[in-house]
Structures are given as C-alpha cells and as structure tokens.
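Trainee: What follows is a structure written as structure tokens; I'll ask about it next.
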Amino acid sequence: MKVKIRPKFTESIQGRNQYKIINGKREGTTKAPGGTTTLFIGDRGDGKLNIGFDKMRDNPYKKGGRRLPSNWRNKGIEELDEISVQTYFEIKHNVKEDYYNPRAYVLRKHNPEPRTFLQQQKIVLKDGTTVFDTDNPVHELFVEYFKHSKIVANSREEADASQSARFYVFDAGEEAETKLSRTEILENTIAKWVEIKNVFLGDKLYNFAILVDPSIKGQISPTAIKIKMNQFITDSGKLHNMTFAQRIEKFNAIYELATAKDKVSKLKFQNSSFLQNLVNHRIVSDYQNTYRWITKQGSNLEILGRDEEEVLDWMSNTDNKKYMEELKSELTARI
C-alpha cells in the first residue's frame, strides 16, 4: 500500500512560507524548492518512543491463523489471543525478538547507551509529496509512527485544526471527490450558460456578460462575447484576479438574478447592467468603490453612492427618474 504525506500550509512572520501546496507541489514560494524535513520517532515522555508498540492487538498468528516464521515457533505465540504491536511487526518482518525495542534514547555522558534500531531511523519528508510503501518494512514502521505523531496528522482536516501538525496523510479518495465535485459544478455552470446564450439575445446577452466578466466592454460581437464567457467559466487558473471558484460563484449569482421572475430582481438586473455600462463608458467612476457622476462634479449629485447597493437604491427611487433619464442620454451619446 502506498501512503502519501504532504505538508500543511503554514504562515511565517519572516515570509519564508508564503506559498501554497497545490497537488503536492509548492507554488508561489519564497524558499528554494526541493527542501526536506527530517524527523526521528519521537519520545512520548515516559521513556518510550511514541509509536504505540506497547499496545495490544489481536494475534493473527494464533493456532489456525497465519504461519509463524521458523525462528518464532515454540515461543507460545500460537496460544495467545493478543500480542503487542511490537511483537506483531517483529514476527511480520521476521526479525529477532526485541529488535524493535521502543525505548527512548537517553544520552549518557559516560558509556553512552547504543541506539536501538528505531532510535536510528530518520524520516525524510519532502516539501511536496513523500510516498511511503508499506511493502517496505521500514516504511511500514514509519506509517505506524504517523498514526501516533502530533507532527503528522491523519487527514488534511485534522492538520488544519491542529497547531502542532506540519504534515498530513493524504487521502487520494478525498482528491478524487474534490475533482468530481469541481467537474459537476463546471458542468452545471456550462448548462446554465448554454441556456443564457440561447434565450438572451442582443442587449440582454451583452448586459448579462458585462456583469459577469469585467473584461467585456464597448463594441463587441455576440461571437466574441461567447468566446470570452466560455473562457471565464472554464479556465482553471486565475483570471481577472479571480480564482475558478470565485468566477463560478459570480456567474451563478448573476444567473440567479438575470433569470428571476419577480419584479424586484428584474429591476435590479436592469439597473446593475445599466450601472456597469455607465462605468465602462466613464460616465460614472467607481474608484475605491465610491460611485461618482463625472459631469456632476462639485454638485450634490456627484456621489451617487458609497457602494453598489447604495447606487442601485438611488436608481430605483422614483424621485430620481429625471436624473436616470439624464444618465441614459449621456450613455446614448457615448455609444
């Protein structure tokens, strides 16, 4: 069995860890790639290594079960219902008794105690993905240690919730589920876009597109709109300073608004697209999210709102109908 270990993303005050682990690789790092972390099997504080070898488990070598290696026969193992985890691995790996002694290392000034096999083991974890093969006896011991280690969490969720964890056991099924979820989301969004481009024609398609994709503005053909919208939805990387997830979220929000049947939503879609047209044609400035009517600079009509919602409220107020007509006239003159 292959077990994959991946590093947890952490922040550094010095900025050395300004990166993300994507598919097991560093991206955006300020550190040189290819770094490693070396671990030893830790001391759990009671004179034993933190590997759980003193715990008991069912004995698979009980009479009628697995066959014992020759050097483990005639030791009464076959008569036991349970054996220690240490004994289990010693039999499985066919090493001598007590070879996997889990005592912790104690440094002595005079006549230092020689290190045991477990005390000598170094676990090297990469900045990317480190793969351990449990068909390899040493790797199998490492994987057993990971189950007890605070440094290596058993899952990504556990690692994110832990202050001690620096790595986690990667679950391929989790990645497959994430990919499947992403595929389903993309398929649903594409279906919605097909619906929009078949139903919305002319100005309505253009108004929908400018609300979704900020790069769409000015004179642009329906074909060019469709090409840009396809890219906006399907591009897997960052586009217009938005991630894939952020773009999908924005598209779906505009879709819900544009296809709503109630009068309030219809008016909001109409005013939102009108406002975006005003911004695109520089009739209204949206600098620092404050909307200013440029030709009304210095008057009480200069600031239409401190955010988009405030402007939309202003637009829907029937008392401002004559000013809306004036804005429409300015827009018509620009197009």
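Residue numbering restarts at 1 in every chain; chains get A, B, ... in the order shown in the structure tokens, and ligands count up from 1 in that same order.
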Which neighbours of stretch 131-145 of chain A fall inside 10 Å, counting only C-alpha atoms, when residues of the same chain fewer than 4 positions from it are skipped, and could you give them as a PyMOL selection string?

Mentor: chain A and resi 1-6+40-42+49-53+85-86+89-90+92-94+100+118+121-123+125-126+149-150+152+169-170

Trainee: Please give the complete set of residues from stretch 50-99 of chain A that DSSP, run on the backbone, assigns to helix (DSSP H, G or I), formatted as an MDAnalysis selection string.

Mentor: chainID A and resid 70:72 77:79 85:92

Trainee: For the residues in the current selection, export N, CA and C atoms as a JSON list (two decimals), in the first residue's frame.

Mentor:
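part-v5.json written:
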```json
[["chain", "number", "residue", "atom", "x", "y", "z"],
["A", 70, "SER", "N", 10.07, -19.60, 11.14],
["A", 70, "SER", "CA", 10.69, -20.70, 11.91],
["A", 70, "SER", "C", 11.31, -20.23, 13.22],
["A", 71, "ASN", "N", 11.97, -19.04, 13.23],
["A", 71, "ASN", "CA", 12.64, -18.59, 14.45],
["A", 71, "ASN", "C", 11.67, -18.03, 15.50],
["A", 72, "TRP", "N", 10.36, -18.01, 15.17],
["A", 72, "TRP", "CA", 9.37, -17.55, 16.13],
["A", 72, "TRP", "C", 8.48, -18.70, 16.65],
["A", 77, "ILE", "N", 3.60, -18.31, 21.02],
["A", 77, "ILE", "CA", 2.86, -17.27, 20.31],
["A", 77, "ILE", "C", 1.50, -17.79, 19.83],
["A", 78, "GLU", "N", 1.48, -19.03, 19.37],
["A", 78, "GLU", "CA", 0.26, -19.58, 18.79],
["A", 78, "GLU", "C", -0.86, -19.76, 19.81],
["A", 79, "GLU", "N", -0.51, -19.70, 21.08],
["A", 79, "GLU", "CA", -1.51, -19.91, 22.14],
["A", 79, "GLU", "C", -2.14, -18.61, 22.62],
["A", 85, "VAL", "N", 1.89, -4.81, 19.65],
["A", 85, "VAL", "CA", 2.14, -4.30, 18.29],
["A", 85, "VAL", "C", 3.61, -4.52, 17.93],
["A", 86, "GLN", "N", 4.51, -4.35, 18.91],
["A", 86, "GLN", "CA", 5.94, -4.59, 18.67],
["A", 86, "GLN", "C", 6.18, -6.03, 18.20],
["A", 87, "THR", "N", 5.61, -6.98, 18.92],
["A", 87, "THR", "CA", 5.79, -8.39, 18.57],
["A", 87, "THR", "C", 5.19, -8.69, 17.20],
["A", 88, "TYR", "N", 4.05, -8.10, 16.91],
["A", 88, "TYR", "CA", 3.40, -8.31, 15.62],
["A", 88, "TYR", "C", 4.34, -7.91, 14.48],
["A", 89, "PHE", "N", 4.95, -6.72, 14.58],
["A", 89, "PHE", "CA", 5.84, -6.27, 13.50],
["A", 89, "PHE", "C", 7.13, -7.08, 13.45],
["A", 90, "GLU", "N", 7.63, -7.49, 14.59],
["A", 90, "GLU", "CA", 8.85, -8.31, 14.61],
["A", 90, "GLU", "C", 8.61, -9.65, 13.93],
["A", 91, "ILE", "N", 7.45, -10.25, 14.17],
["A", 91, "ILE", "CA", 7.13, -11.51, 13.51],
["A", 91, "ILE", "C", 6.89, -11.27, 12.02],
["A", 92, "LYS", "N", 6.11, -10.25, 11.70],
["A", 92, "LYS", "CA", 5.78, -9.97, 10.30],
["A", 92, "LYS", "C", 7.02, -9.71, 9.46]]
```

Trainee: Restricting the calculation to only C-alpha atoms: of A:Met242, A:Pro222, A:Lys62, A:Ser272, which residue gets closest to A:Asn198?

Mentor: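 Closest residue, counting only C-alpha atoms: A:Pro222.
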
Trainee: When you draw a straight line from atom CA of A:Val284 to atom CA of A:Trp193, how long is it in Å?

Mentor: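 Spanning atom CA of A:Val284 to atom CA of A:Trp193 is a straight-line distance of 28.8 Å.
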
Trainee: Give me the residues within 12 Å of A:Asn241 as a ChimeraX atom specification, counting only C-alpha atoms and dropping any in the same chain fewer than 6 places off.

Mentor: /A:213-215,232,247

Trainee: What is the distance between atom CA of A:Gln246 and atom CA of A:Ile233, in Å to one decimal?

Mentor: 10.1 Å

Trainee: Can you tell me, as a PyMOL selection string, what residues are no more than 8 Å from A:Asn207 when counting only C-alpha atoms, ignoring any on the same chain fewer than 3 positions away?

Mentor: chain A and resi 203-204+210-211+273-274

Trainee: As an exercise, work out the distance from atom CA of A:Glu249 to atom CA of A:Arg292 in Å and give it to one decimal place.

Mentor: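 Here the two named atoms are 27.6 Å from each other.
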
Trainee: Would you please work out which residue, of A:Leu39, A:Leu68, A:Ile335, A:Ile283, is nearest to A:Gln219 when using only C-alpha atoms?

Mentor: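 Of all the options, A:Ile335 lies closest to A:Gln219.
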
Trainee: Using only C-alpha atoms, pick whichever of A:Ile220, A:Ser265, A:Arg44, A:Met324 has the shortest atom-to-atom distance to A:Leu301.

Mentor: A:Met324

Trainee: Between A:Leu201, A:Ile248, A:Ile254, A:Val212, which has the minimum distance to A:Leu186 (counting only C-alpha atoms)?

Mentor: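 Between A:Leu201, A:Ile248, A:Ile254, A:Val212, the residue approaching A:Leu186 most closely is A:Ile248.
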